[in-house]
file work-v5.txt (compact mmCIF, C-alpha atoms)
# COMPACT_ATOMS: atom_id res chain seq x y z
CA MET Y 22 -79.22 -19.28 22.26
CA THR Y 23 -78.05 -19.36 25.86
CA VAL Y 24 -80.72 -18.02 28.21
CA LEU Y 25 -79.29 -15.71 30.85
CA ASP Y 26 -80.93 -15.22 34.24
CA ALA Y 27 -83.20 -12.21 34.53
CA GLY Y 28 -81.65 -9.21 36.19
CA PRO Y 29 -78.65 -7.01 35.43
CA THR Y 30 -76.63 -7.92 32.37
CA PRO Y 31 -73.67 -10.03 33.57
CA ALA Y 32 -70.10 -8.98 32.95
CA LEU Y 33 -69.17 -10.36 29.56
CA SER Y 34 -65.88 -11.91 30.67
CA THR Y 35 -67.59 -13.73 33.55
CA ALA Y 36 -70.42 -14.93 31.34
CA MET Y 37 -67.93 -16.24 28.77
CA ARG Y 38 -65.97 -18.17 31.37
CA GLU Y 39 -68.90 -19.54 33.36
CA GLY Y 40 -71.19 -20.14 30.41
CA SER Y 41 -68.65 -22.31 28.58
CA ARG Y 42 -67.21 -24.19 31.56
CA ALA Y 43 -68.63 -27.58 30.53
CA GLU Y 44 -67.41 -27.29 26.94
CA HIS Y 45 -63.99 -26.13 28.15
CA GLU Y 46 -63.65 -29.10 30.50
CA ASP Y 47 -64.76 -31.52 27.79
CA ALA Y 48 -62.08 -30.23 25.43
CA GLU Y 49 -59.35 -30.35 28.07
CA GLY Y 50 -60.38 -33.89 29.04
CA SER Y 51 -59.93 -35.34 25.55
CA THR Y 52 -57.57 -38.28 25.16
CA PHE Y 53 -55.12 -36.43 22.93
CA MET Y 54 -54.88 -33.41 25.23
CA SER Y 55 -54.54 -35.61 28.32
CA GLU Y 56 -51.66 -37.47 26.70
CA LEU Y 57 -50.06 -34.22 25.55
CA LEU Y 58 -50.18 -32.81 29.07
CA GLU Y 59 -48.49 -35.98 30.33
CA GLY Y 60 -45.66 -35.61 27.80
CA ARG Y 61 -46.71 -38.73 25.95
CA ILE Y 62 -47.26 -37.33 22.44
CA SER Y 63 -44.56 -37.94 19.85
CA GLU Y 64 -42.91 -35.43 17.56
CA GLU Y 65 -45.17 -36.65 14.74
CA GLY Y 66 -48.28 -36.22 16.85
CA TYR Y 67 -47.35 -32.77 18.02
CA ALA Y 68 -46.58 -31.67 14.45
CA ALA Y 69 -50.01 -32.96 13.39
CA TYR Y 70 -51.55 -30.83 16.15
CA LEU Y 71 -49.58 -27.75 15.10
CA ARG Y 72 -50.57 -28.13 11.46
CA ARG Y 73 -54.23 -28.09 12.44
CA LEU Y 74 -53.67 -25.06 14.64
CA ARG Y 75 -51.94 -23.35 11.74
CA CYS Y 76 -55.14 -23.58 9.68
CA VAL Y 77 -57.14 -22.11 12.54
CA TYR Y 78 -54.81 -19.23 13.30
CA ALA Y 79 -54.31 -18.33 9.65
CA ALA Y 80 -58.08 -18.06 9.21
CA MET Y 81 -58.67 -16.25 12.49
CA GLU Y 82 -55.87 -13.73 12.11
CA THR Y 83 -56.90 -12.96 8.54
CA ALA Y 84 -60.50 -12.42 9.63
CA LEU Y 85 -59.47 -10.22 12.55
CA ARG Y 86 -57.18 -8.00 10.49
CA ALA Y 87 -59.97 -7.52 7.94
CA ARG Y 88 -62.39 -6.35 10.65
CA THR Y 89 -60.34 -3.97 12.77
CA ASP Y 90 -62.79 -1.18 11.91
CA ASP Y 91 -65.41 -3.10 13.89
CA PRO Y 92 -65.42 -1.68 17.45
CA LEU Y 93 -65.89 -5.13 18.99
CA VAL Y 94 -62.93 -6.59 17.15
CA ALA Y 95 -60.83 -3.46 17.69
CA ALA Y 96 -61.28 -3.80 21.46
CA VAL Y 97 -59.37 -7.09 21.57
CA HIS Y 98 -57.24 -7.18 18.41
CA ASP Y 99 -53.53 -7.04 19.19
CA PRO Y 100 -50.76 -8.06 16.75
CA ALA Y 101 -48.63 -9.07 19.76
CA LEU Y 102 -50.90 -12.09 20.18
CA GLU Y 103 -50.64 -13.40 16.62
CA ARG Y 104 -49.29 -16.94 16.45
CA LEU Y 105 -48.95 -17.86 12.78
CA ALA Y 106 -45.25 -17.04 12.47
CA ALA Y 107 -44.53 -18.84 15.75
CA ILE Y 108 -46.36 -21.95 14.54
CA ASP Y 109 -44.33 -21.95 11.33
CA ALA Y 110 -41.10 -21.69 13.32
CA ASP Y 111 -42.15 -24.58 15.53
CA LEU Y 112 -43.13 -26.75 12.57
CA ASP Y 113 -39.65 -26.23 11.16
CA HIS Y 114 -38.36 -27.73 14.43
CA TRP Y 115 -40.82 -30.62 14.81
CA ALA Y 116 -41.17 -31.61 11.16
CA PRO Y 117 -38.21 -30.12 9.26
CA GLY Y 118 -38.71 -30.08 5.53
CA ALA Y 119 -42.36 -31.12 5.72
CA PRO Y 120 -45.11 -28.89 4.32
CA HIS Y 121 -46.83 -26.69 6.87
CA ASP Y 122 -50.19 -26.77 5.12
CA LEU Y 123 -52.66 -29.61 5.45
CA ALA Y 124 -53.99 -31.45 2.43
CA VAL Y 125 -57.56 -30.45 1.56
CA ASP Y 126 -59.11 -33.62 3.02
CA GLU Y 127 -56.57 -34.29 5.75
CA SER Y 128 -58.51 -32.73 8.62
CA PRO Y 129 -62.28 -32.34 8.42
CA ALA Y 130 -62.18 -30.89 11.94
CA ALA Y 131 -59.77 -28.13 10.94
CA ALA Y 132 -61.80 -27.43 7.80
CA ALA Y 133 -64.97 -27.02 9.89
CA TYR Y 134 -63.16 -24.68 12.28
CA VAL Y 135 -61.83 -22.57 9.41
CA SER Y 136 -65.26 -22.42 7.79
CA ARG Y 137 -66.79 -21.14 11.03
CA LEU Y 138 -64.19 -18.39 11.32
CA GLN Y 139 -64.49 -17.35 7.70
CA GLY Y 140 -68.26 -17.24 7.97
CA ALA Y 141 -68.40 -14.99 11.03
CA GLU Y 142 -70.78 -12.14 10.23
CA TRP Y 143 -70.73 -10.32 13.57
CA GLY Y 144 -67.69 -8.90 15.32
CA GLY Y 145 -68.79 -10.48 18.58
CA ASP Y 146 -68.39 -13.93 17.06
CA LEU Y 147 -64.75 -13.18 16.27
CA VAL Y 148 -64.30 -11.84 19.81
CA ALA Y 149 -65.54 -15.21 21.11
CA HIS Y 150 -62.94 -17.10 19.07
CA HIS Y 151 -60.21 -14.57 19.92
CA TYR Y 152 -60.91 -15.04 23.62
CA THR Y 153 -61.06 -18.82 23.41
CA ARG Y 154 -57.79 -19.21 21.57
CA TYR Y 155 -55.53 -16.41 22.81
CA LEU Y 156 -56.52 -16.36 26.46
CA GLY Y 157 -56.11 -20.12 26.38
CA ASP Y 158 -52.62 -19.68 24.94
CA LEU Y 159 -51.74 -17.25 27.73
CA SER Y 160 -53.20 -19.57 30.38
CA GLY Y 161 -53.28 -23.35 29.98
CA GLY Y 162 -51.11 -23.13 26.89
CA GLN Y 163 -48.19 -22.13 29.07
CA ALA Y 164 -48.47 -25.46 30.89
CA ILE Y 165 -48.26 -27.32 27.57
CA GLY Y 166 -45.11 -25.38 26.71
CA ARG Y 167 -43.51 -26.41 30.01
CA VAL Y 168 -44.47 -30.06 29.48
CA LEU Y 169 -42.91 -30.10 26.02
CA ASP Y 170 -39.77 -28.43 27.30
CA ARG Y 171 -39.33 -31.08 29.99
CA ALA Y 172 -40.28 -34.03 27.80
CA PHE Y 173 -38.00 -33.14 24.89
CA ASP Y 174 -35.31 -31.01 26.58
CA LEU Y 175 -36.17 -28.20 24.19
CA ASP Y 176 -34.43 -25.35 25.95
CA GLY Y 177 -36.88 -23.06 24.15
CA ALA Y 178 -36.49 -24.59 20.69
CA GLY Y 179 -39.77 -25.66 19.11
CA ALA Y 180 -41.92 -23.83 21.65
CA ALA Y 181 -42.29 -20.41 20.05
CA PHE Y 182 -46.06 -20.90 20.03
CA TYR Y 183 -46.11 -20.46 23.81
CA ALA Y 184 -43.73 -17.50 23.92
CA PHE Y 185 -45.15 -13.97 23.93
CA PRO Y 186 -42.09 -11.72 24.00
CA GLU Y 187 -44.22 -8.58 23.86
CA ILE Y 188 -46.34 -9.75 26.80
CA PRO Y 189 -43.83 -10.49 29.59
CA LYS Y 190 -46.51 -10.63 32.30
CA PRO Y 191 -49.58 -12.56 31.16
CA LYS Y 192 -51.73 -11.94 34.24
CA PRO Y 193 -51.91 -8.12 33.98
CA TYR Y 194 -52.51 -8.50 30.25
CA LYS Y 195 -55.35 -10.96 30.79
CA ASP Y 196 -56.88 -8.73 33.46
CA ALA Y 197 -56.82 -5.74 31.09
CA TYR Y 198 -58.23 -7.92 28.29
CA ARG Y 199 -61.18 -8.97 30.45
CA ALA Y 200 -61.77 -5.35 31.40
CA ARG Y 201 -61.95 -4.46 27.69
CA LEU Y 202 -64.50 -7.22 27.17
CA ASP Y 203 -66.60 -5.94 30.05
CA GLY Y 204 -66.42 -2.43 28.61
CA LEU Y 205 -67.97 -3.41 25.29
CA GLY Y 206 -71.42 -2.53 26.57
CA LEU Y 207 -73.29 -5.50 25.08
CA ASP Y 208 -76.86 -6.03 26.18
CA ALA Y 209 -78.06 -9.36 27.56
CA ALA Y 210 -78.84 -10.71 24.09
CA GLY Y 211 -75.39 -9.74 22.85
CA VAL Y 212 -73.71 -11.36 25.85
CA ALA Y 213 -75.70 -14.55 25.28
CA ARG Y 214 -74.74 -14.60 21.62
CA VAL Y 215 -71.03 -14.28 22.45
CA VAL Y 216 -71.28 -17.01 25.07
CA ASP Y 217 -72.92 -19.32 22.55
CA GLU Y 218 -70.05 -18.74 20.12
CA VAL Y 219 -67.48 -19.44 22.84
CA LYS Y 220 -69.20 -22.78 23.34
CA VAL Y 221 -68.96 -23.41 19.59
CA ALA Y 222 -65.24 -22.55 19.68
CA PHE Y 223 -64.57 -25.05 22.45
CA ARG Y 224 -66.54 -27.73 20.60
CA LEU Y 225 -64.51 -27.06 17.45
CA ASN Y 226 -61.33 -27.42 19.49
CA GLN Y 227 -62.60 -30.66 20.98
CA ALA Y 228 -63.28 -31.93 17.45
CA LEU Y 229 -59.62 -31.30 16.60
CA PHE Y 230 -58.55 -33.31 19.65
CA THR Y 231 -61.02 -36.09 18.85
CA GLU Y 232 -59.67 -36.33 15.31
CA LEU Y 233 -56.10 -36.50 16.60
CA GLY Y 234 -57.18 -39.03 19.20
CA GLU Y 235 -58.29 -41.39 16.45
CA ARG Y 236 -54.58 -41.91 15.76
CA ILE Y 237 -53.47 -41.89 19.37
CA ASP Y 238 -51.72 -45.28 19.04
CA VAL Y 239 -49.57 -43.76 16.30
CA TYR Y 240 -48.98 -40.47 18.07
CA ARG Y 241 -48.28 -41.82 21.56
CA ARG Y 242 -44.59 -41.88 22.43
CA VAL Y 243 -42.79 -44.25 24.74
CA VAL Y 244 -41.79 -42.24 27.78
CA PRO Y 245 -38.30 -43.08 29.06
CA GLN Y 246 -38.34 -44.58 32.54
CA ASP Y 247 -36.15 -43.07 35.23

call {"tool": "encode", "arguments": {"input": "work-v5.txt", "output": "C-alpha cells"}}
result
Amino acid sequence: MTVLDAGPTPALSTAMREGSRAEHEDAEGSTFMSELLEGRISEEGYAAYLRRLRCVYAAMETALRARTDDPLVAAVHDPALERLAAIDADLDHWAPGAPHDLAVDESPAAAAYVSRLQGAEWGGDLVAHHYTRYLGDLSGGQAIGRVLDRAFDLDGAGAAFYAFPEIPKPKPYKDAYRARLDGLGLDAAGVARVVDEVKVAFRLNQALFTELGERIDVYRRVVPQD
C-alpha cells in the first residue's frame, strides 16, 4: 500500500492525482495512445479501442449502479457520466454491422480490467476507477475527440463518447467532483488505499494500450499529406 507522509491527511483528490502521476504518464505515453493523439489510428484500430472500452464501461457502470447505497459510491455516481450508450452509437459509426462485444479470448487486457471491477469489495475502489475513467473523459478525452474530428472530418458523428450534453461546462463539474472526493472524510489509510487503486486503474488502461500496440502496424493509418 502507498505510504503517505506523516502529518495531516492529504486531500483525497490531490493524493489521487499526485500519487498516480507516474502511472498516468506511462499510460499516456504508450505507442497506441501517442499514435491516436496524432490522428494516425485507422477506423479499424479505433473500433478495436472502443470495443475494449465497452467491456470496461459496461462492467463499471453495472457495478456502480449496484452500489449506490454505499456512501462513497453515492458521492460520485452520476448517470450523466455514463458512456455505454455513447460507445454503442460510436461503434455503429466506426464499424457498422459489426458486433459490439468482444470474443471471450479476444482481449486478455479487457478481461483483466473487467475482473478487477467486478471484484471490487470496497466502495472506495470503485471511486478510484470512476475518477480515473470519467475525469479522464472530461479532461484529456476531449483532446482525443478533437483529434478524431479533425482527422476524419466527423462533424460530430462517431464522437458521442466525448460528448457530455448534460455537462456543458466540464471545469466547474470537475471542481465540484473533486470537492465531493475531499468531503468523503477518509483517514490516511483510506486515502492510501484509494490511491493504490487509482494506480491499478492506470496500469489496467496501459495494458489495453499495450495490447492494441501489438497490432500497431495494422491499426496505423496513412495520414494524407497537405

call {"tool": "atom_distance", "arguments": {"input": "work-v5.txt", "atom1": "CA of Gly166 (chain Y)", "atom2": "CA of Ser51 (chain Y)"}}
result
17.9 Å

call {"tool": "closest_atom_pairs", "arguments": {"input": "work-v5.txt", "of": "region 77-196 of chain Y", "to": "region 213-235 of chain Y", "cutoff": "6 Å", "atoms": "all atoms listed in the file", "output": "JSON lines"}}
result
{"residue": "Y:Ala130", "atom": "CA", "partner": "Y:Leu229", "partner_atom": "CA", "distance": 5.3}
{"residue": "Y:Tyr134", "atom": "CA", "partner": "Y:Leu225", "partner_atom": "CA", "distance": 5.8}
{"residue": "Y:Gly145", "atom": "CA", "partner": "Y:Val215", "partner_atom": "CA", "distance": 5.9}
{"residue": "Y:Asp146", "atom": "CA", "partner": "Y:Glu218", "partner_atom": "CA", "distance": 5.9}
{"residue": "Y:Ala149", "atom": "CA", "partner": "Y:Val219", "partner_atom": "CA", "distance": 5.0}
{"residue": "Y:His150", "atom": "CA", "partner": "Y:Ala222", "partner_atom": "CA", "distance": 5.9}

call {"tool": "atom_distance", "arguments": {"input": "work-v5.txt", "atom1": "CA of Arg167 (chain Y)", "atom2": "CA of Arg242 (chain Y)"}}
result
17.3 Å

call {"tool": "closest_residue", "arguments": {"input": "work-v5.txt", "among": "Y:Glu65, Y:Val97, Y:Ala79, Y:Asp158", "to": "Asp203 (chain Y)", "atoms": "all atoms listed in the file"}}
result
Y:Val97

call {"tool": "closest_atom_pairs", "arguments": {"input": "work-v5.txt", "of": "region 57-95 of chain Y", "to": "region 110-114 of chain Y", "cutoff": "9 Å", "atoms": "all atoms listed in the file", "output": "JSON lines"}}
result
{"residue": "Y:Ala68", "atom": "CA", "partner": "Y:Leu112", "partner_atom": "CA", "distance": 6.3}
{"residue": "Y:Leu71", "atom": "CA", "partner": "Y:Leu112", "partner_atom": "CA", "distance": 7.0}
{"residue": "Y:Arg72", "atom": "CA", "partner": "Y:Leu112", "partner_atom": "CA", "distance": 7.6}

call {"tool": "write_last_selection", "arguments": {"input": "work-v5.txt", "atoms": "C-alpha atoms", "output": "PDB file, keeping the file's coordinate frame"}}
result
ATOM      1  CA  ALA Y  68     -46.580 -31.670  14.450  1.00  0.00           C
ATOM      2  CA  LEU Y  71     -49.580 -27.750  15.100  1.00  0.00           C
ATOM      3  CA  ARG Y  72     -50.570 -28.130  11.460  1.00  0.00           C
TER       4      ARG Y  72
END

call {"tool": "residues_near_point", "arguments": {"input": "work-v5.txt", "point": "(-52.6, -16.4, 15.7)", "cutoff": "7 Å", "atoms": "only C-alpha atoms", "output": "PDB file with C-alpha atoms, in the frame of the given file"}}
result
ATOM      1  CA  TYR Y  78     -54.810 -19.230  13.300  1.00  0.00           C
ATOM      2  CA  ALA Y  79     -54.310 -18.330   9.650  1.00  0.00           C
ATOM      3  CA  MET Y  81     -58.670 -16.250  12.490  1.00  0.00           C
ATOM      4  CA  GLU Y  82     -55.870 -13.730  12.110  1.00  0.00           C
ATOM      5  CA  LEU Y 102     -50.900 -12.090  20.180  1.00  0.00           C
ATOM      6  CA  GLU Y 103     -50.640 -13.400  16.620  1.00  0.00           C
ATOM      7  CA  ARG Y 104     -49.290 -16.940  16.450  1.00  0.00           C
ATOM      8  CA  LEU Y 105     -48.950 -17.860  12.780  1.00  0.00           C
TER       9      LEU Y 105
END

call {"tool": "atom_distance", "arguments": {"input": "work-v5.txt", "atom1": "CA of Leu85 (chain Y)", "atom2": "CA of Trp143 (chain Y)"}}
result
11.3 Å

call {"tool": "residues_near_point", "arguments": {"input": "work-v5.txt", "point": "(-64.1, -25.4, 7.6)", "cutoff": "12 Å", "atoms": "all atoms listed in the file", "output": "list in words"}}
result
Arg73, Cys76, Val77, Ala80, Met81, Val125, Asp126, Glu127, Ser128, Pro129, Ala130, Ala131, Ala132, Ala133, Tyr134, Val135, Ser136, Arg137, Leu138, Gln139, Gly140, Ala141, Leu225, Ala228 and Leu229 of chain Y

call {"tool": "closest_residue", "arguments": {"input": "work-v5.txt", "among": "Y:Gly40, Y:Gly66, Y:Gly60, Y:Gly50", "to": "Ile237 (chain Y)", "atoms": "only C-alpha atoms"}}
result
Y:Gly66

call {"tool": "axis_aligned_box", "arguments": {"input": "work-v5.txt", "around": "region 147-150 of chain Y", "padding_each_side": "3 Å", "output": "JSON"}}
result
{"center_x": -64.2, "center_y": -14.5, "center_z": 18.7, "size_x": 8.6, "size_y": 11.3, "size_z": 10.8}

call {"tool": "closest_residue", "arguments": {"input": "work-v5.txt", "among": "Y:Ala36, Y:Ala209, Y:Tyr240, Y:Pro191", "to": "Met54 (chain Y)", "atoms": "only C-alpha atoms"}}
result
Y:Tyr240

call {"tool": "closest_residue", "arguments": {"input": "work-v5.txt", "among": "Y:Ser55, Y:Ser41, Y:Thr35, Y:Thr89", "to": "Thr153 (chain Y)", "atoms": "only C-alpha atoms"}}
result
Y:Ser41

call {"tool": "closest_residue", "arguments": {"input": "work-v5.txt", "among": "Y:Ile62, Y:Ile165, Y:Ala69, Y:Ala180", "to": "Ala116 (chain Y)", "atoms": "all atoms listed in the file"}}
result
Y:Ala69

call {"tool": "closest_residue", "arguments": {"input": "work-v5.txt", "among": "Y:Leu57, Y:Ala119, Y:Leu205, Y:Leu93", "to": "Leu147 (chain Y)", "atoms": "all atoms listed in the file"}}
result
Y:Leu93

call {"tool": "build_atoms", "arguments": {"input": "work-v5.txt", "residues": "region 56-86 of chain Y", "atoms": "N, CA and C atoms", "output": "PDB file, in the coordinates of the input"}}
result
ATOM      1  N   GLU Y  56     -52.973 -36.878  26.988  1.00  0.00           N
ATOM      2  CA  GLU Y  56     -51.660 -37.470  26.700  1.00  0.00           C
ATOM      3  C   GLU Y  56     -50.605 -36.391  26.457  1.00  0.00           C
ATOM      4  N   LEU Y  57     -51.008 -35.313  25.785  1.00  0.00           N
ATOM      5  CA  LEU Y  57     -50.060 -34.220  25.550  1.00  0.00           C
ATOM      6  C   LEU Y  57     -49.606 -33.618  26.868  1.00  0.00           C
ATOM      7  N   LEU Y  58     -50.525 -33.412  27.782  1.00  0.00           N
ATOM      8  CA  LEU Y  58     -50.180 -32.810  29.070  1.00  0.00           C
ATOM      9  C   LEU Y  58     -49.337 -33.744  29.945  1.00  0.00           C
ATOM     10  N   GLU Y  59     -49.339 -35.027  29.615  1.00  0.00           N
ATOM     11  CA  GLU Y  59     -48.490 -35.980  30.330  1.00  0.00           C
ATOM     12  C   GLU Y  59     -47.153 -36.201  29.625  1.00  0.00           C
ATOM     13  N   GLY Y  60     -46.923 -35.470  28.527  1.00  0.00           N
ATOM     14  CA  GLY Y  60     -45.660 -35.610  27.800  1.00  0.00           C
ATOM     15  C   GLY Y  60     -45.555 -36.881  27.004  1.00  0.00           C
ATOM     16  N   ARG Y  61     -46.717 -37.439  26.627  1.00  0.00           N
ATOM     17  CA  ARG Y  61     -46.710 -38.730  25.950  1.00  0.00           C
ATOM     18  C   ARG Y  61     -47.082 -38.649  24.477  1.00  0.00           C
ATOM     19  N   ILE Y  62     -47.001 -37.472  23.879  1.00  0.00           N
ATOM     20  CA  ILE Y  62     -47.260 -37.330  22.440  1.00  0.00           C
ATOM     21  C   ILE Y  62     -45.941 -37.191  21.710  1.00  0.00           C
ATOM     22  N   SER Y  63     -45.810 -37.915  20.612  1.00  0.00           N
ATOM     23  CA  SER Y  63     -44.560 -37.940  19.850  1.00  0.00           C
ATOM     24  C   SER Y  63     -44.372 -36.676  19.028  1.00  0.00           C
ATOM     25  N   GLU Y  64     -43.184 -36.545  18.462  1.00  0.00           N
ATOM     26  CA  GLU Y  64     -42.910 -35.430  17.560  1.00  0.00           C
ATOM     27  C   GLU Y  64     -43.913 -35.409  16.406  1.00  0.00           C
ATOM     28  N   GLU Y  65     -44.209 -36.573  15.852  1.00  0.00           N
ATOM     29  CA  GLU Y  65     -45.170 -36.650  14.740  1.00  0.00           C
ATOM     30  C   GLU Y  65     -46.547 -36.175  15.182  1.00  0.00           C
ATOM     31  N   GLY Y  66     -46.968 -36.609  16.351  1.00  0.00           N
ATOM     32  CA  GLY Y  66     -48.280 -36.220  16.850  1.00  0.00           C
ATOM     33  C   GLY Y  66     -48.376 -34.741  17.144  1.00  0.00           C
ATOM     34  N   TYR Y  67     -47.316 -34.187  17.717  1.00  0.00           N
ATOM     35  CA  TYR Y  67     -47.350 -32.770  18.020  1.00  0.00           C
ATOM     36  C   TYR Y  67     -47.336 -31.935  16.740  1.00  0.00           C
ATOM     37  N   ALA Y  68     -46.574 -32.370  15.742  1.00  0.00           N
ATOM     38  CA  ALA Y  68     -46.580 -31.670  14.450  1.00  0.00           C
ATOM     39  C   ALA Y  68     -47.961 -31.715  13.808  1.00  0.00           C
ATOM     40  N   ALA Y  69     -48.653 -32.851  13.935  1.00  0.00           N
ATOM     41  CA  ALA Y  69     -50.010 -32.960  13.390  1.00  0.00           C
ATOM     42  C   ALA Y  69     -50.941 -31.965  14.089  1.00  0.00           C
ATOM     43  N   TYR Y  70     -50.774 -31.810  15.377  1.00  0.00           N
ATOM     44  CA  TYR Y  70     -51.550 -30.830  16.150  1.00  0.00           C
ATOM     45  C   TYR Y  70     -51.243 -29.408  15.678  1.00  0.00           C
ATOM     46  N   LEU Y  71     -49.965 -29.093  15.531  1.00  0.00           N
ATOM     47  CA  LEU Y  71     -49.580 -27.750  15.100  1.00  0.00           C
ATOM     48  C   LEU Y  71     -50.111 -27.423  13.707  1.00  0.00           C
ATOM     49  N   ARG Y  72     -50.091 -28.390  12.823  1.00  0.00           N
ATOM     50  CA  ARG Y  72     -50.570 -28.130  11.460  1.00  0.00           C
ATOM     51  C   ARG Y  72     -52.057 -27.801  11.454  1.00  0.00           C
ATOM     52  N   ARG Y  73     -52.812 -28.427  12.320  1.00  0.00           N
ATOM     53  CA  ARG Y  73     -54.230 -28.090  12.440  1.00  0.00           C
ATOM     54  C   ARG Y  73     -54.391 -26.686  13.027  1.00  0.00           C
ATOM     55  N   LEU Y  74     -53.611 -26.393  14.057  1.00  0.00           N
ATOM     56  CA  LEU Y  74     -53.670 -25.060  14.640  1.00  0.00           C
ATOM     57  C   LEU Y  74     -53.286 -23.997  13.612  1.00  0.00           C
ATOM     58  N   ARG Y  75     -52.350 -24.325  12.739  1.00  0.00           N
ATOM     59  CA  ARG Y  75     -51.940 -23.350  11.740  1.00  0.00           C
ATOM     60  C   ARG Y  75     -53.124 -22.934  10.864  1.00  0.00           C
ATOM     61  N   CYS Y  76     -53.935 -23.902  10.472  1.00  0.00           N
ATOM     62  CA  CYS Y  76     -55.140 -23.580   9.680  1.00  0.00           C
ATOM     63  C   CYS Y  76     -56.040 -22.620  10.442  1.00  0.00           C
ATOM     64  N   VAL Y  77     -56.232 -22.910  11.708  1.00  0.00           N
ATOM     65  CA  VAL Y  77     -57.140 -22.110  12.540  1.00  0.00           C
ATOM     66  C   VAL Y  77     -56.622 -20.691  12.699  1.00  0.00           C
ATOM     67  N   TYR Y  78     -55.348 -20.569  13.061  1.00  0.00           N
ATOM     68  CA  TYR Y  78     -54.810 -19.230  13.300  1.00  0.00           C
ATOM     69  C   TYR Y  78     -54.686 -18.419  12.018  1.00  0.00           C
ATOM     70  N   ALA Y  79     -54.371 -19.066  10.917  1.00  0.00           N
ATOM     71  CA  ALA Y  79     -54.310 -18.330   9.650  1.00  0.00           C
ATOM     72  C   ALA Y  79     -55.674 -17.747   9.321  1.00  0.00           C
ATOM     73  N   ALA Y  80     -56.734 -18.541   9.494  1.00  0.00           N
ATOM     74  CA  ALA Y  80     -58.080 -18.060   9.210  1.00  0.00           C
ATOM     75  C   ALA Y  80     -58.509 -16.978  10.195  1.00  0.00           C
ATOM     76  N   MET Y  81     -58.233 -17.198  11.470  1.00  0.00           N
ATOM     77  CA  MET Y  81     -58.670 -16.250  12.490  1.00  0.00           C
ATOM     78  C   MET Y  81     -57.932 -14.920  12.360  1.00  0.00           C
ATOM     79  N   GLU Y  82     -56.638 -14.974  12.174  1.00  0.00           N
ATOM     80  CA  GLU Y  82     -55.870 -13.730  12.110  1.00  0.00           C
ATOM     81  C   GLU Y  82     -56.183 -12.946  10.846  1.00  0.00           C
ATOM     82  N   THR Y  83     -56.465 -13.647   9.763  1.00  0.00           N
ATOM     83  CA  THR Y  83     -56.900 -12.960   8.540  1.00  0.00           C
ATOM     84  C   THR Y  83     -58.235 -12.273   8.765  1.00  0.00           C
ATOM     85  N   ALA Y  84     -59.169 -12.980   9.380  1.00  0.00           N
ATOM     86  CA  ALA Y  84     -60.500 -12.420   9.630  1.00  0.00           C
ATOM     87  C   ALA Y  84     -60.425 -11.222  10.569  1.00  0.00           C
ATOM     88  N   LEU Y  85     -59.599 -11.317  11.590  1.00  0.00           N
ATOM     89  CA  LEU Y  85     -59.470 -10.220  12.550  1.00  0.00           C
ATOM     90  C   LEU Y  85     -58.877  -8.975  11.902  1.00  0.00           C
ATOM     91  N   ARG Y  86     -57.822  -9.166  11.129  1.00  0.00           N
ATOM     92  CA  ARG Y  86     -57.180  -8.000  10.490  1.00  0.00           C
ATOM     93  C   ARG Y  86     -58.132  -7.318   9.512  1.00  0.00           C
TER      94      ARG Y  86
END
